[in-house]
Structures are given as structure tokens and as C-alpha cells.
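With CSV, C-alpha atoms and all ligand atoms inside, this is data.csv:
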```
chain,number,residue,atom,x,y,z
A,1,MET,CA,105.8,33.5,87.8
A,2,LEU,CA,102.7,33.8,85.7
A,3,THR,CA,101.4,37.3,85.0
A,4,LEU,CA,97.7,37.0,85.7
A,5,PRO,CA,95.2,39.0,83.6
A,6,THR,CA,93.7,42.1,85.2
A,7,PHE,CA,90.4,44.0,85.0
A,8,ASP,CA,92.2,46.4,82.6
A,9,ASP,CA,92.6,43.4,80.2
A,10,VAL,CA,88.9,42.8,80.5
A,11,MET,CA,88.2,46.4,79.6
A,12,ALA,CA,90.5,46.1,76.6
A,13,ALA,CA,88.7,42.9,75.5
A,14,ALA,CA,85.4,44.7,75.8
A,15,ARG,CA,86.6,47.3,73.3
A,16,ARG,CA,87.8,44.6,70.9
A,17,LEU,CA,84.4,42.8,71.2
A,18,ASP,CA,82.4,46.0,70.7
A,19,GLY,CA,80.4,45.6,67.5
A,20,HIS,CA,81.3,41.9,67.2
A,21,ALA,CA,79.9,40.1,70.2
A,22,HIS,CA,76.2,40.6,71.3
A,23,ARG,CA,75.6,42.5,74.4
A,24,THR,CA,73.3,39.8,75.8
A,25,PRO,CA,70.1,40.5,77.7
A,26,VAL,CA,69.8,40.4,81.5
A,27,LEU,CA,66.4,38.7,82.2
A,28,ARG,CA,64.3,38.6,85.3
A,29,SER,CA,61.7,36.0,86.4
A,30,ARG,CA,59.1,36.7,89.1
A,31,THR,CA,58.9,32.9,89.7
A,32,ALA,CA,62.7,32.7,90.3
A,33,ASP,CA,62.5,35.7,92.6
A,34,ASP,CA,59.6,34.2,94.6
A,35,ARG,CA,61.3,30.8,94.8
A,36,LEU,CA,64.6,32.2,96.1
A,37,LYS,CA,63.0,35.2,97.9
A,38,ALA,CA,65.7,37.3,96.2
A,39,SER,CA,66.2,39.6,93.2
A,40,VAL,CA,67.7,37.4,90.6
A,41,PHE,CA,69.4,38.7,87.5
A,42,PHE,CA,70.1,36.2,84.7
A,43,LYS,CA,72.9,37.2,82.3
A,44,CYS,CA,71.9,35.2,79.2
A,45,GLU,CA,74.9,34.1,77.3
A,46,ASN,CA,72.8,31.4,75.7
A,47,PHE,CA,71.9,34.3,73.4
A,48,GLN,CA,75.5,35.1,72.6
A,49,ARG,CA,76.8,34.5,69.0
A,50,MET,CA,77.2,30.7,68.5
A,51,GLY,CA,75.2,30.2,71.6
A,52,ALA,CA,77.7,30.6,74.4
A,53,PHE,CA,80.0,33.1,76.1
A,54,LYS,CA,83.0,31.3,74.5
A,55,PHE,CA,82.8,33.7,71.5
A,56,ARG,CA,84.0,36.4,73.8
A,57,GLY,CA,87.3,34.8,74.8
A,58,ALA,CA,88.0,33.3,71.4
A,59,PHE,CA,87.4,36.5,69.4
A,60,ASN,CA,89.5,38.5,71.9
A,61,ALA,CA,92.4,36.1,71.6
A,62,LEU,CA,92.3,35.9,67.8
A,63,SER,CA,92.0,39.7,67.5
A,64,ARG,CA,95.4,39.9,69.0
A,65,PHE,CA,97.2,37.7,66.4
A,66,SER,CA,100.1,39.2,64.4
A,67,ALA,CA,99.9,39.1,60.6
A,68,GLU,CA,102.1,36.0,60.6
A,69,GLN,CA,99.9,34.2,63.1
A,70,ARG,CA,96.8,35.1,61.1
A,71,LYS,CA,98.3,33.5,58.0
A,72,ALA,CA,99.3,30.2,59.6
A,73,GLY,CA,96.1,29.9,61.6
A,74,VAL,CA,94.7,28.9,64.9
A,75,ILE,CA,94.4,25.4,66.4
A,76,THR,CA,92.5,24.3,69.5
A,77,PHE,CA,90.9,21.3,71.3
A,78,SER,CA,87.4,21.4,72.7
A,79,SER,CA,84.4,19.3,73.5
A,80,GLY,CA,82.2,21.8,71.8
A,81,ASN,CA,81.5,25.5,72.4
A,82,HIS,CA,85.1,26.7,72.3
A,83,ALA,CA,85.4,24.8,69.0
A,84,GLN,CA,82.5,26.8,67.5
A,85,ALA,CA,83.8,30.0,69.1
A,86,VAL,CA,87.2,29.6,67.5
A,87,ALA,CA,85.7,28.5,64.2
A,88,LEU,CA,83.4,31.5,64.0
A,89,SER,CA,85.9,34.0,65.2
A,90,ALA,CA,88.5,32.7,62.8
A,91,ARG,CA,86.0,33.0,59.9
A,92,LEU,CA,85.1,36.5,60.9
A,93,LEU,CA,88.8,37.5,61.0
A,94,GLY,CA,89.9,35.5,57.9
A,95,ILE,CA,92.1,33.1,59.8
A,96,PRO,CA,92.3,29.3,59.1
A,97,ALA,CA,91.2,27.1,62.0
A,98,VAL,CA,91.9,23.5,63.0
A,99,ILE,CA,89.8,22.0,65.9
A,100,LEU,CA,90.3,18.7,67.7
A,101,MET,CA,87.0,17.4,69.0
A,102,PRO,CA,86.2,14.2,71.0
A,103,LEU,CA,84.6,11.4,69.0
A,104,ASP,CA,81.6,11.5,71.4
A,105,ALA,CA,81.1,15.3,71.3
A,106,PRO,CA,77.4,16.2,70.7
A,107,PRO,CA,76.7,15.9,67.0
A,108,ALA,CA,75.1,19.3,66.9
A,109,LYS,CA,78.4,20.8,68.1
A,110,VAL,CA,80.5,19.0,65.6
A,111,ASP,CA,78.2,20.0,62.7
A,112,ALA,CA,78.1,23.6,63.9
A,113,THR,CA,81.9,23.8,64.1
A,114,ARG,CA,82.2,22.5,60.5
A,115,GLY,CA,79.4,24.8,59.5
A,116,TYR,CA,81.5,27.8,60.7
A,117,GLY,CA,84.3,26.7,58.4
A,118,GLY,CA,86.5,25.0,61.0
A,119,GLU,CA,88.6,21.9,60.0
A,120,VAL,CA,87.6,19.2,62.5
A,121,ILE,CA,89.9,16.4,63.6
A,122,LEU,CA,88.2,13.8,65.8
A,123,PHE,CA,90.0,11.9,68.6
A,124,ASP,CA,89.2,9.5,71.5
A,125,ARG,CA,89.3,11.5,74.7
A,126,PHE,CA,89.4,8.4,76.9
A,127,LYS,CA,92.5,7.1,75.2
A,128,GLN,CA,94.4,9.9,73.5
A,129,ASP,CA,96.1,12.9,75.2
A,130,ARG,CA,94.4,15.8,73.3
A,131,GLU,CA,96.8,18.4,74.5
A,132,ALA,CA,99.9,16.5,73.3
A,133,LEU,CA,98.1,15.7,70.0
A,134,THR,CA,97.2,19.4,69.5
A,135,ARG,CA,100.8,20.5,70.2
A,136,GLU,CA,102.1,18.0,67.6
A,137,ILE,CA,99.8,19.4,64.8
A,138,ALA,CA,100.4,23.0,65.9
A,139,GLN,CA,104.1,22.5,65.5
A,140,ALA,CA,103.9,20.7,62.2
A,141,ARG,CA,101.7,23.5,60.7
A,142,GLY,CA,103.0,26.5,62.6
A,143,MET,CA,99.6,27.2,64.0
A,144,THR,CA,99.0,29.2,67.3
A,145,LEU,CA,97.2,27.2,70.0
A,146,ILE,CA,94.4,29.0,71.7
A,147,PRO,CA,93.2,26.7,74.6
A,148,PRO,CA,89.6,26.7,75.9
A,149,TYR,CA,90.4,28.4,79.2
A,150,ASP,CA,93.9,28.7,80.3
A,151,HIS,CA,95.0,31.8,78.4
A,152,PRO,CA,95.1,35.5,79.6
A,153,ASP,CA,93.3,36.7,76.5
A,154,VAL,CA,90.6,34.0,76.8
A,155,ILE,CA,90.0,34.9,80.4
A,156,ALA,CA,89.9,38.6,79.7
A,157,GLY,CA,87.3,38.0,77.0
A,158,GLN,CA,85.1,35.8,79.2
A,159,GLY,CA,85.2,38.5,81.9
A,160,THR,CA,83.3,40.9,79.6
A,161,ALA,CA,80.0,39.1,80.3
A,162,ALA,CA,80.0,39.8,84.0
A,163,ARG,CA,81.3,43.3,83.3
A,164,GLU,CA,78.2,44.0,81.2
A,165,LEU,CA,76.0,42.5,84.0
A,166,PHE,CA,77.4,44.9,86.6
A,167,ASP,CA,77.3,47.7,84.2
A,168,GLU,CA,73.6,47.1,83.6
A,169,VAL,CA,72.3,46.3,87.1
A,170,GLY,CA,74.9,47.7,89.5
A,171,GLU,CA,76.4,46.0,92.4
A,172,LEU,CA,75.3,42.5,93.5
A,173,ASP,CA,75.5,40.5,96.7
A,174,TYR,CA,76.1,37.1,95.0
A,175,LEU,CA,77.3,35.9,91.6
A,176,PHE,CA,76.9,32.3,90.5
A,177,VAL,CA,79.1,31.2,87.6
A,178,CYS,CA,79.4,27.8,85.8
A,179,LEU,CA,82.8,26.2,86.2
A,180,GLY,CA,84.7,23.9,83.9
A,181,GLY,CA,88.3,24.9,83.4
A,182,GLY,CA,87.7,28.3,85.0
A,183,GLY,CA,87.9,30.8,82.1
A,184,LEU,CA,84.4,32.2,82.7
A,185,LEU,CA,84.8,32.1,86.5
A,186,SER,CA,88.2,33.8,86.6
A,187,GLY,CA,87.2,36.5,84.2
A,188,SER,CA,83.9,37.1,86.0
A,189,ALA,CA,85.8,37.3,89.3
A,190,LEU,CA,88.1,40.0,87.8
A,191,SER,CA,85.0,42.1,86.9
A,192,ALA,CA,83.3,41.5,90.2
A,193,ARG,CA,86.3,42.6,92.2
A,194,ALA,CA,86.6,45.8,90.2
A,195,LEU,CA,82.9,46.7,89.9
A,196,SER,CA,81.2,45.1,92.9
A,197,PRO,CA,84.0,44.5,95.4
A,198,ALA,CA,81.7,43.1,98.2
A,199,CYS,CA,80.0,40.6,95.9
A,200,LYS,CA,80.4,37.0,96.8
A,201,VAL,CA,81.5,35.0,93.8
A,202,TYR,CA,80.8,31.3,93.5
A,203,GLY,CA,82.0,28.8,90.9
A,204,VAL,CA,79.6,25.9,90.3
A,205,GLU,CA,80.7,22.4,89.1
A,206,PRO,CA,78.9,19.1,88.5
A,207,GLU,CA,79.2,16.9,91.6
A,208,ALA,CA,80.8,14.1,89.5
A,209,GLY,CA,83.7,16.5,88.5
A,210,ASN,CA,84.6,18.5,91.5
A,211,ASP,CA,88.2,19.0,90.7
A,212,GLY,CA,87.8,22.8,91.0
A,213,GLN,CA,86.4,22.5,94.5
A,214,GLN,CA,89.2,20.1,95.6
A,215,SER,CA,91.8,22.5,94.1
A,216,PHE,CA,90.3,25.5,95.7
A,217,ARG,CA,90.1,23.9,99.1
A,218,SER,CA,93.5,22.2,99.0
A,219,GLY,CA,95.4,25.2,97.5
A,220,ALA,CA,96.9,23.2,94.6
A,221,ILE,CA,95.5,22.1,91.2
A,222,VAL,CA,93.9,18.7,91.5
A,223,THR,CA,93.4,16.5,88.4
A,224,ILE,CA,90.6,13.9,88.1
A,225,PRO,CA,89.6,11.4,85.5
A,226,THR,CA,87.2,12.7,82.8
A,227,PRO,CA,84.0,13.0,84.8
A,228,ARG,CA,80.7,11.5,83.5
A,229,THR,CA,78.0,14.1,83.8
A,230,ILE,CA,75.4,15.6,81.5
A,231,ALA,CA,77.2,19.0,81.9
A,232,ASP,CA,79.5,18.3,78.9
A,233,GLY,CA,80.9,21.8,79.0
A,234,ALA,CA,82.3,21.1,82.4
A,235,GLN,CA,83.9,17.7,81.9
A,236,THR,CA,87.3,19.2,82.4
A,237,GLN,CA,89.9,17.3,84.4
A,238,HIS,CA,91.7,20.2,86.0
A,239,LEU,CA,91.8,24.0,86.3
A,240,GLY,CA,94.5,25.9,84.5
A,241,GLU,CA,97.5,27.8,85.9
A,242,TYR,CA,96.1,31.2,85.0
A,243,THR,CA,92.5,30.4,85.9
A,244,PHE,CA,93.5,28.9,89.3
A,245,GLY,CA,95.7,31.9,90.1
A,246,VAL,CA,92.8,34.2,89.7
A,247,ILE,CA,90.2,31.9,91.3
A,248,ARG,CA,92.1,31.2,94.5
A,249,ARG,CA,92.6,34.9,94.9
A,250,ASP,CA,89.3,36.3,93.9
A,251,VAL,CA,86.6,33.6,94.3
A,252,ASP,CA,84.8,32.9,97.5
A,253,ASP,CA,84.1,29.2,97.1
A,254,ILE,CA,83.3,26.4,94.7
A,255,LEU,CA,80.0,24.6,95.0
A,256,THR,CA,78.6,21.5,93.3
A,257,VAL,CA,75.2,20.3,92.0
A,258,SER,CA,73.9,16.9,90.8
A,259,ASP,CA,72.9,16.1,87.3
A,260,ALA,CA,69.3,15.7,88.6
A,261,GLN,CA,69.4,19.3,89.9
A,262,LEU,CA,70.7,20.5,86.5
A,263,VAL,CA,67.7,18.8,84.8
A,264,GLN,CA,65.4,20.6,87.2
A,265,ALA,CA,67.0,24.0,86.4
A,266,MET,CA,66.8,23.2,82.6
A,267,ARG,CA,63.1,22.5,83.0
A,268,PHE,CA,62.6,25.8,84.9
A,269,PHE,CA,64.3,27.8,82.1
A,270,ALA,CA,62.2,26.0,79.4
A,271,GLU,CA,58.9,26.1,81.2
A,272,ARG,CA,59.0,29.5,83.0
A,273,MET,CA,61.4,31.6,80.9
A,274,LYS,CA,60.9,30.0,77.5
A,275,MET,CA,64.6,29.4,77.1
A,276,VAL,CA,66.7,26.5,75.9
A,277,VAL,CA,69.7,26.3,78.2
A,278,GLU,CA,72.3,23.5,77.9
A,279,PRO,CA,73.0,21.4,81.0
A,280,THR,CA,76.3,23.1,81.7
A,281,GLY,CA,74.6,26.5,81.5
A,282,CYS,CA,72.3,25.5,84.4
A,283,LEU,CA,75.1,25.1,86.9
A,284,GLY,CA,74.8,28.6,88.4
A,285,PHE,CA,71.1,28.7,88.9
A,286,ALA,CA,71.0,25.1,90.2
A,287,ALA,CA,73.4,26.1,92.9
A,288,ALA,CA,71.5,29.3,93.7
A,289,CYS,CA,68.5,27.1,94.3
A,290,GLU,CA,70.1,24.2,96.1
A,291,ALA,CA,73.2,25.4,97.9
A,292,GLY,CA,71.4,26.7,101.0
A,293,LEU,CA,73.3,30.0,101.0
A,294,PRO,CA,71.6,33.0,102.8
A,295,ILE,CA,70.6,34.7,99.6
A,296,ALA,CA,67.0,35.7,100.8
A,297,GLY,CA,66.5,39.4,100.4
A,298,ARG,CA,69.7,39.8,98.3
A,299,ARG,CA,70.6,40.8,94.8
A,300,VAL,CA,71.8,37.7,93.0
A,301,GLY,CA,73.5,37.4,89.6
A,302,VAL,CA,73.4,34.1,87.7
A,303,ILE,CA,75.4,33.7,84.5
A,304,ILE,CA,73.7,31.3,82.1
A,305,SER,CA,76.7,30.2,80.0
A,306,GLY,CA,75.2,28.6,76.9
A,307,GLY,CA,72.3,27.1,75.1
A,308,ASN,CA,73.8,24.6,72.7
A,309,VAL,CA,72.1,21.3,73.2
A,310,ASP,CA,71.0,18.7,70.7
A,311,LEU,CA,67.2,19.0,70.6
A,312,ARG,CA,66.7,15.2,70.7
A,313,ARG,CA,68.8,15.2,73.9
A,314,PHE,CA,66.9,18.2,75.3
A,315,GLY,CA,63.6,16.3,74.7
A,316,GLU,CA,65.0,13.2,76.5
A,317,LEU,CA,66.1,15.2,79.5
A,318,MET,CA,62.8,17.1,79.7
A,319,ALA,CA,60.9,13.8,79.6
A,320,GLU,CA,62.9,12.4,82.6
A,321,VAL,CA,61.2,14.6,85.2
A,322,ALA,CA,57.6,14.6,86.1
B,401,LIG,C1,83.0,26.1,78.4
B,401,LIG,C2,81.7,26.2,79.0
B,401,LIG,C3,81.6,26.3,80.4
B,401,LIG,C4,82.8,26.2,81.3
B,401,LIG,O1,83.7,27.3,81.1
B,401,LIG,P1,85.2,27.4,81.6
B,401,LIG,O2,85.7,28.7,81.2
B,401,LIG,O3,85.9,26.2,81.0
B,401,LIG,O4,85.1,27.2,83.1
B,401,LIG,C5,80.4,26.5,81.0
B,401,LIG,N1,79.2,26.5,80.2
B,401,LIG,C6,79.3,26.4,78.9
B,401,LIG,C7,78.0,26.5,78.1
B,401,LIG,C8,80.5,26.3,78.3
B,401,LIG,O5,80.6,26.2,76.9
```

Would it be possible to restate this file's structure as C-alpha cells?
Amino acid sequence: MLTLPTFDDVMAAARRLDGHAHRTPVLRSRTADDRLKASVFFKCENFQRMGAFKFRGAFNALSRFSAEQRKAGVITFSSGNHAQAVALSARLLGIPAVILMPLDAPPAKVDATRGYGGEVILFDRFKQDREALTREIAQARGMTLIPPYDHPDVIAGQGTAARELFDEVGELDYLFVCLGGGGLLSGSALSARALSPACKVYGVEPEAGNDGQQSFRSGAIVTIPTPRTIADGAQTQHLGEYTFGVIRRDVDDILTVSDAQLVQAMRFFAERMKMVVEPTGCLGFAAACEAGLPIAGRRVGVIISGGNVDLRRFGELMAEVA
């Protein structure tokens, strides 16, 4: 039996992060409110350190290392933001870090990870089993593996973003959360159940990669081939044991949106709110706009998960829509 993380773990993570992570702003937009006929509160993790909420989980997990673990270092695999989060947290805590990244990861993310002092090892994610490769290196070097989502300390850290949101704005009727492997969603759900028990919590995935929705609705973790979508932070093949345990207990449903809807949301953030949000970071708002839920007149939270997008790519995507 797994011991699932609890809201007490989220609170402990918040204390560890205090003074290290940014308390990110909660922004409003009159245009968004008018469009959805609701009160919308955007928790802007695109303004978090290294540009995404992943700093929270990584820093929390690395803060708990023993002296021996700190000396040998941390290893992880990631398509981007978790890599930067581990590299930055490790640098701040004086811990060596090895990061396995896919060959086709956005160049901005590879550069940023190296810039934070992480040792990057590239692999082919369509041919090689990254988890097996990571375990091999971890064993050879005695390093501790901190995976991108399926770890109690990572989940507890990610949950601190929603905790801050509820702390700042009070209870909500709906909360929309981007979903890849489920660290952010499960942590957010722990905070929602504790601080706003009646709030409906929705995870949002890209249409092309709806393994989370299939898992939630079937009651068992479903694995899919690596999905092709512009939401590169949500190209996960399956939920984790810990994240699924919390999600199936505490989440109301999993929704999906198309890549075209993500581009529209990106454009909205750029044009109306003057924010660069990466495609994956747009999942929650795209679903709030498109899912047809009865949110009119309600208080709606949207977690914007990150803002790390290659500027050339950003320009291309913005040029696609009229
Ligand atoms: C990792 C990531 C996600 C997905 O988070 P999970 O915890 O894997 O569900 C969403 N958005 C961004 C920007 C990310 O980096």
C-alpha cells in the first residue's frame, strides 16, 4: 500500500519553500470575466522561479535529502521544466545534478538547464526507456532519483501553489489545473479539499494525450504512446501511482482541449494580459473557456503552470491564428 501525501505535507512544504520560492501573483482580467461571465482568478506560476511551478516540488524534495544524499547528488529525467527546477534547486542547495533530457526538447529548456549548472545527458525518447536509463546511471553514481511527478515530496511541493491561491482569494467554486503526470493536479487537489472543500477540481490534458482521462474514468492507470501535441509539458504517457491515488479520490473529472484551443488561450494571455504562457500552461484556461461547464456567476481558479517557450516558437504559434 502506498502512503499518499496529505495536506499536512503541503503545509510542511510551504514552510520549506518560504523565502526560496516566489509567492506568485494572482491576476484578474476583466475581459476573461466578461467572456466567461464569472470571476476568474489566475494563479501565475509562469512568474515562478525558473518560469514554472516545478521549482516548488523539486526544491521541497531536495531540501529533505540527508547529508549523504546531498553529497552523491540528484538525478532525474524531464522534457524540460522539471529539469530546470532540479538544476536550480540543486545549485541553491549545493547538490550535484544529472538530468536526462530528450533530444528533441525545446532548445531554450536544454540551455536553461545547463545554465543552472545541471549536467545534461540527451536521449531518444521514441526509442530509449528513459526511466530504465535513469535508474542505471543513478545506481552507478549512487545518486537519488527525483522523478518529475510521482513522488510524495514533489506532489506536496506542487500543492503549495493552490494553497497560496486559496489563502489569497478564499474559497472557489471551480479550479482548473494543467495535467501531465499529475503532480500539480494531485497537490492542488490536496489543498482544495482542505481549504475549499466544495470546490470542483478539474485536471486538463491535451486531446492527443488523454491517458489521465482514460485512467480516471476506468479506475486503473492507462498508458499511451508519447502523444504529439504542442503542450510539451503534458506529453506524459501515464499518471503515477501516487498521483493517481490522490486524483481518483480528490479530483472531480479530467477534461481535454485541442492544440488549436491552446493557441487561442496563449493568444489571449499575450494580447489581453501581456503574459508569455507556454502551451502547456494554457490547458486550464482553455478548458474553462471551452468545456461547457456551468461556471457563469461562479468563482473560478485557473492555474497557469508555466511560461517557458522558445520565443521563435511563440512567434510561430501567434502567427497561426488570425
Ligand atoms: C510539468 C508541467 C505540467 C504538468 O505537470 P504534472 O505535475 O506532470 O501534471 C504542466 N505545465 C507545465 C508548464 C509543466 O512544466

Atomic distance atom CA of A:Asp211 - atom CA of A:Leu239, expressed in Å with one decimal: 7.6 Å

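If you look at atom CA of A:Glu205 and atom CA of A:Leu17, they are 27.4 Å away from each other.
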
Report as CSV the residues of chain A within 6 Å of ligand LIG 401 (chain B), each with its shortest atom pair and distance in Å (one decimal), using all atoms listed in the file, ordered by chain and increasing residue number.
```
residue,atom,partner,partner_atom,distance
A:Ala52,CA,B:LIG401,C7,5.5
A:Asn81,CA,B:LIG401,O5,4.6
A:Tyr149,CA,B:LIG401,O2,5.1
A:Cys178,CA,B:LIG401,C5,5.1
A:Leu179,CA,B:LIG401,O4,4.0
A:Gly180,CA,B:LIG401,O4,3.4
A:Gly181,CA,B:LIG401,O3,3.6
A:Gly182,CA,B:LIG401,O4,3.4
A:Gly183,CA,B:LIG401,O2,3.2
A:Leu184,CA,B:LIG401,O2,4.0
A:Leu185,CA,B:LIG401,O4,6.0
A:Gly233,CA,B:LIG401,C2,4.5
A:Ala234,CA,B:LIG401,C4,5.2
A:Thr280,CA,B:LIG401,N1,4.7
A:Gly281,CA,B:LIG401,N1,4.8
A:Ser305,CA,B:LIG401,C7,4.4
A:Gly306,CA,B:LIG401,C7,3.7
```

With the cut-off set at 12 Å and counting all atoms listed in the file, tabulate each residue of stretch 210-235 of chain A with an atom at most that distance from an atom of stretch 95-115 of chain A, showing the nearest atom pair and its distance in Å to one decimal, ordered by chain and increasing number, as a tab-separated table.
```
residue	atom	partner	partner_atom	distance
A:Thr226	CA	A:Pro102	CA	11.9
A:Ile230	CA	A:Pro106	CA	11.0
A:Ala231	CA	A:Pro106	CA	11.5
A:Asp232	CA	A:Ala105	CA	8.3
A:Gly233	CA	A:Ala105	CA	10.1
A:Gln235	CA	A:Ala105	CA	11.2
```

Residues from last step as file, C-alpha atoms, as a short mmCIF file (atom, residue, chain, number, x, y, z; two decimals), in the coordinates of the input:
```
data_model
loop_
_atom_site.label_atom_id
_atom_site.label_comp_id
_atom_site.auth_asym_id
_atom_site.auth_seq_id
_atom_site.Cartn_x
_atom_site.Cartn_y
_atom_site.Cartn_z
CA THR A 226 87.20 12.70 82.80
CA ILE A 230 75.40 15.60 81.50
CA ALA A 231 77.20 19.00 81.90
CA ASP A 232 79.50 18.30 78.90
CA GLY A 233 80.90 21.80 79.00
CA GLN A 235 83.90 17.70 81.90
#
```

Nearby residues (all atoms listed in the file) at most 10 Å from A:His22, same-chain spacing under 4 positions excluded, as a PyMOL selection string: chain A and resi 17-18+45+47-49+53+55-56+161

Stretch 26-34 of chain A environment, 10 Å, all atoms listed in the file, sequence neighbours closer than 4 positions dropped, as a PyMOL selection string: chain A and resi 38-45+164-165+168-169+268-269+272-273+285+289+296-297+299-304

Store the residues of this selection in a file with C-alpha atoms, as a compact mmCIF listing (two decimals), in the frame of the given file.
```txt
# COMPACT_ATOMS: atom_id res chain seq x y z
CA ALA A 38 65.70 37.30 96.20
CA SER A 39 66.20 39.60 93.20
CA VAL A 40 67.70 37.40 90.60
CA PHE A 41 69.40 38.70 87.50
CA PHE A 42 70.10 36.20 84.70
CA LYS A 43 72.90 37.20 82.30
CA CYS A 44 71.90 35.20 79.20
CA GLU A 45 74.90 34.10 77.30
CA GLU A 164 78.20 44.00 81.20
CA LEU A 165 76.00 42.50 84.00
CA GLU A 168 73.60 47.10 83.60
CA VAL A 169 72.30 46.30 87.10
CA PHE A 268 62.60 25.80 84.90
CA PHE A 269 64.30 27.80 82.10
CA ARG A 272 59.00 29.50 83.00
CA MET A 273 61.40 31.60 80.90
CA PHE A 285 71.10 28.70 88.90
CA CYS A 289 68.50 27.10 94.30
CA ALA A 296 67.00 35.70 100.80
CA GLY A 297 66.50 39.40 100.40
CA ARG A 299 70.60 40.80 94.80
CA VAL A 300 71.80 37.70 93.00
CA GLY A 301 73.50 37.40 89.60
CA VAL A 302 73.40 34.10 87.70
CA ILE A 303 75.40 33.70 84.50
CA ILE A 304 73.70 31.30 82.10
```

Between atom CA of A:Glu290 and atom CA of A:Ser78, distance in Å (one decimal): 29.2 Å

Top pick for closest residue to A:Ile247, considering A:Arg217, A:Arg267, A:Lys274, A:His20 and counting only C-alpha atoms: A:Arg217

Within 6 Å of A:Gly157 using only C-alpha atoms, minus same-chain residues under 4 positions, as a list in words: Ala13, Arg56, Gly57 and Asn60 of chain A

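Minimum atom-to-atom distances from A:Met1, A:Leu190, A:Ala208, A:Ala140 to A:Ala72 were compared using all atoms listed in the file, and the lowest value belongs to A:Ala140.
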
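Residues in contact with A:Ala265 at up to 9 Å, not including ones fewer than 5 positions away on its chain and judged by only C-alpha atoms, are Ala260, Ala270, Val277, Pro279, Cys282, Leu283, Phe285, Ala286 and Cys289 of chain A.
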
Long-range neighbours of A:Met318 as a list of chain:residue names, 8 Å cut-off, only C-alpha atoms, 4 positions minimum in chain: A:Val263, A:Met266, A:Arg267, A:Phe314

Output C-alpha atoms of each residue in that selection to a file, as a PDB file, in the coordinates of the input.
```pdb
ATOM      1  CA  VAL A 263      67.700  18.800  84.800  1.00  0.00           C
ATOM      2  CA  MET A 266      66.800  23.200  82.600  1.00  0.00           C
ATOM      3  CA  ARG A 267      63.100  22.500  83.000  1.00  0.00           C
ATOM      4  CA  PHE A 314      66.900  18.200  75.300  1.00  0.00           C
TER       5      PHE A 314
END
```

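You can rank A:Gln128, A:Asp259, A:Gln69, A:Ser191 by their closest distance to A:Arg228 using all atoms listed in the file, and at the top of that list sits A:Asp259.
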
Shortest interatomic distance to A:Asn308 - which of A:Val74, A:Ala90, A:Leu2, A:Ala85, counting only C-alpha atoms: A:Ala85

Nearest to A:Arg313, chosen from A:Gly80, A:Ala198, A:Glu278, A:Ala58, with all atoms listed in the file counted in the distances: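 Closest candidate: A:Glu278.
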
Option closest in space to A:Pro227, from A:Phe126, A:Phe166, A:Phe176, A:Phe65 [counting all atoms listed in the file]: A:Phe126

Starting from the incomplete input, reconstruct all heavy atoms of stretch 149-154 of chain A and write that as an mmCIF file, keeping the file's coordinate frame.
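What follows is the written file result.cif:
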```cif
data_model
loop_
_atom_site.group_PDB
_atom_site.id
_atom_site.type_symbol
_atom_site.label_atom_id
_atom_site.label_comp_id
_atom_site.auth_asym_id
_atom_site.auth_seq_id
_atom_site.Cartn_x
_atom_site.Cartn_y
_atom_site.Cartn_z
ATOM 1 N N TYR A 149 90.500 27.582 77.971
ATOM 2 C CA TYR A 149 90.400 28.400 79.200
ATOM 3 C C TYR A 149 91.661 28.998 79.693
ATOM 4 O O TYR A 149 91.691 30.118 80.162
ATOM 5 C CB TYR A 149 89.597 27.692 80.268
ATOM 6 C CG TYR A 149 90.132 26.320 80.625
ATOM 7 C CD1 TYR A 149 91.150 26.177 81.551
ATOM 8 C CD2 TYR A 149 89.602 25.172 80.035
ATOM 9 C CE1 TYR A 149 91.638 24.913 81.880
ATOM 10 C CE2 TYR A 149 90.080 23.911 80.367
ATOM 11 C CZ TYR A 149 91.096 23.787 81.291
ATOM 12 O OH TYR A 149 91.565 22.543 81.614
ATOM 13 N N ASP A 150 92.760 28.255 79.613
ATOM 14 C CA ASP A 150 93.900 28.700 80.300
ATOM 15 C C ASP A 150 94.832 29.644 79.523
ATOM 16 O O ASP A 150 95.962 29.312 79.169
ATOM 17 C CB ASP A 150 94.751 27.513 80.852
ATOM 18 C CG ASP A 150 95.600 27.926 82.052
ATOM 19 O OD1 ASP A 150 95.199 28.879 82.741
ATOM 20 O OD2 ASP A 150 96.640 27.297 82.302
ATOM 21 N N HIS A 151 94.305 30.821 79.226
ATOM 22 C CA HIS A 151 95.000 31.800 78.400
ATOM 23 C C HIS A 151 94.538 33.193 78.845
ATOM 24 O O HIS A 151 93.327 33.413 78.934
ATOM 25 C CB HIS A 151 94.694 31.540 76.934
ATOM 26 C CG HIS A 151 95.533 32.312 75.977
ATOM 27 N ND1 HIS A 151 95.471 33.682 75.868
ATOM 28 C CD2 HIS A 151 96.463 31.911 75.075
ATOM 29 C CE1 HIS A 151 96.318 34.088 74.929
ATOM 30 N NE2 HIS A 151 96.934 33.028 74.449
ATOM 31 N N PRO A 152 95.463 34.131 79.080
ATOM 32 C CA PRO A 152 95.100 35.500 79.600
ATOM 33 C C PRO A 152 94.037 36.161 78.689
ATOM 34 O O PRO A 152 93.114 36.808 79.194
ATOM 35 C CB PRO A 152 96.367 36.238 79.635
ATOM 36 C CG PRO A 152 97.435 35.199 79.729
ATOM 37 C CD PRO A 152 96.929 33.994 78.995
ATOM 38 N N ASP A 153 94.195 36.047 77.368
ATOM 39 C CA ASP A 153 93.300 36.700 76.500
ATOM 40 C C ASP A 153 91.887 36.079 76.466
ATOM 41 O O ASP A 153 90.867 36.749 76.263
ATOM 42 C CB ASP A 153 93.810 36.735 75.022
ATOM 43 C CG ASP A 153 95.119 37.508 74.910
ATOM 44 O OD1 ASP A 153 95.380 38.367 75.770
ATOM 45 O OD2 ASP A 153 95.883 37.227 73.960
ATOM 46 N N VAL A 154 91.860 34.766 76.662
ATOM 47 C CA VAL A 154 90.600 34.000 76.800
ATOM 48 C C VAL A 154 89.865 34.459 78.053
ATOM 49 O O VAL A 154 88.678 34.812 78.053
ATOM 50 C CB VAL A 154 90.799 32.516 76.709
ATOM 51 C CG1 VAL A 154 89.505 31.764 76.999
ATOM 52 C CG2 VAL A 154 91.374 32.114 75.344
#
```
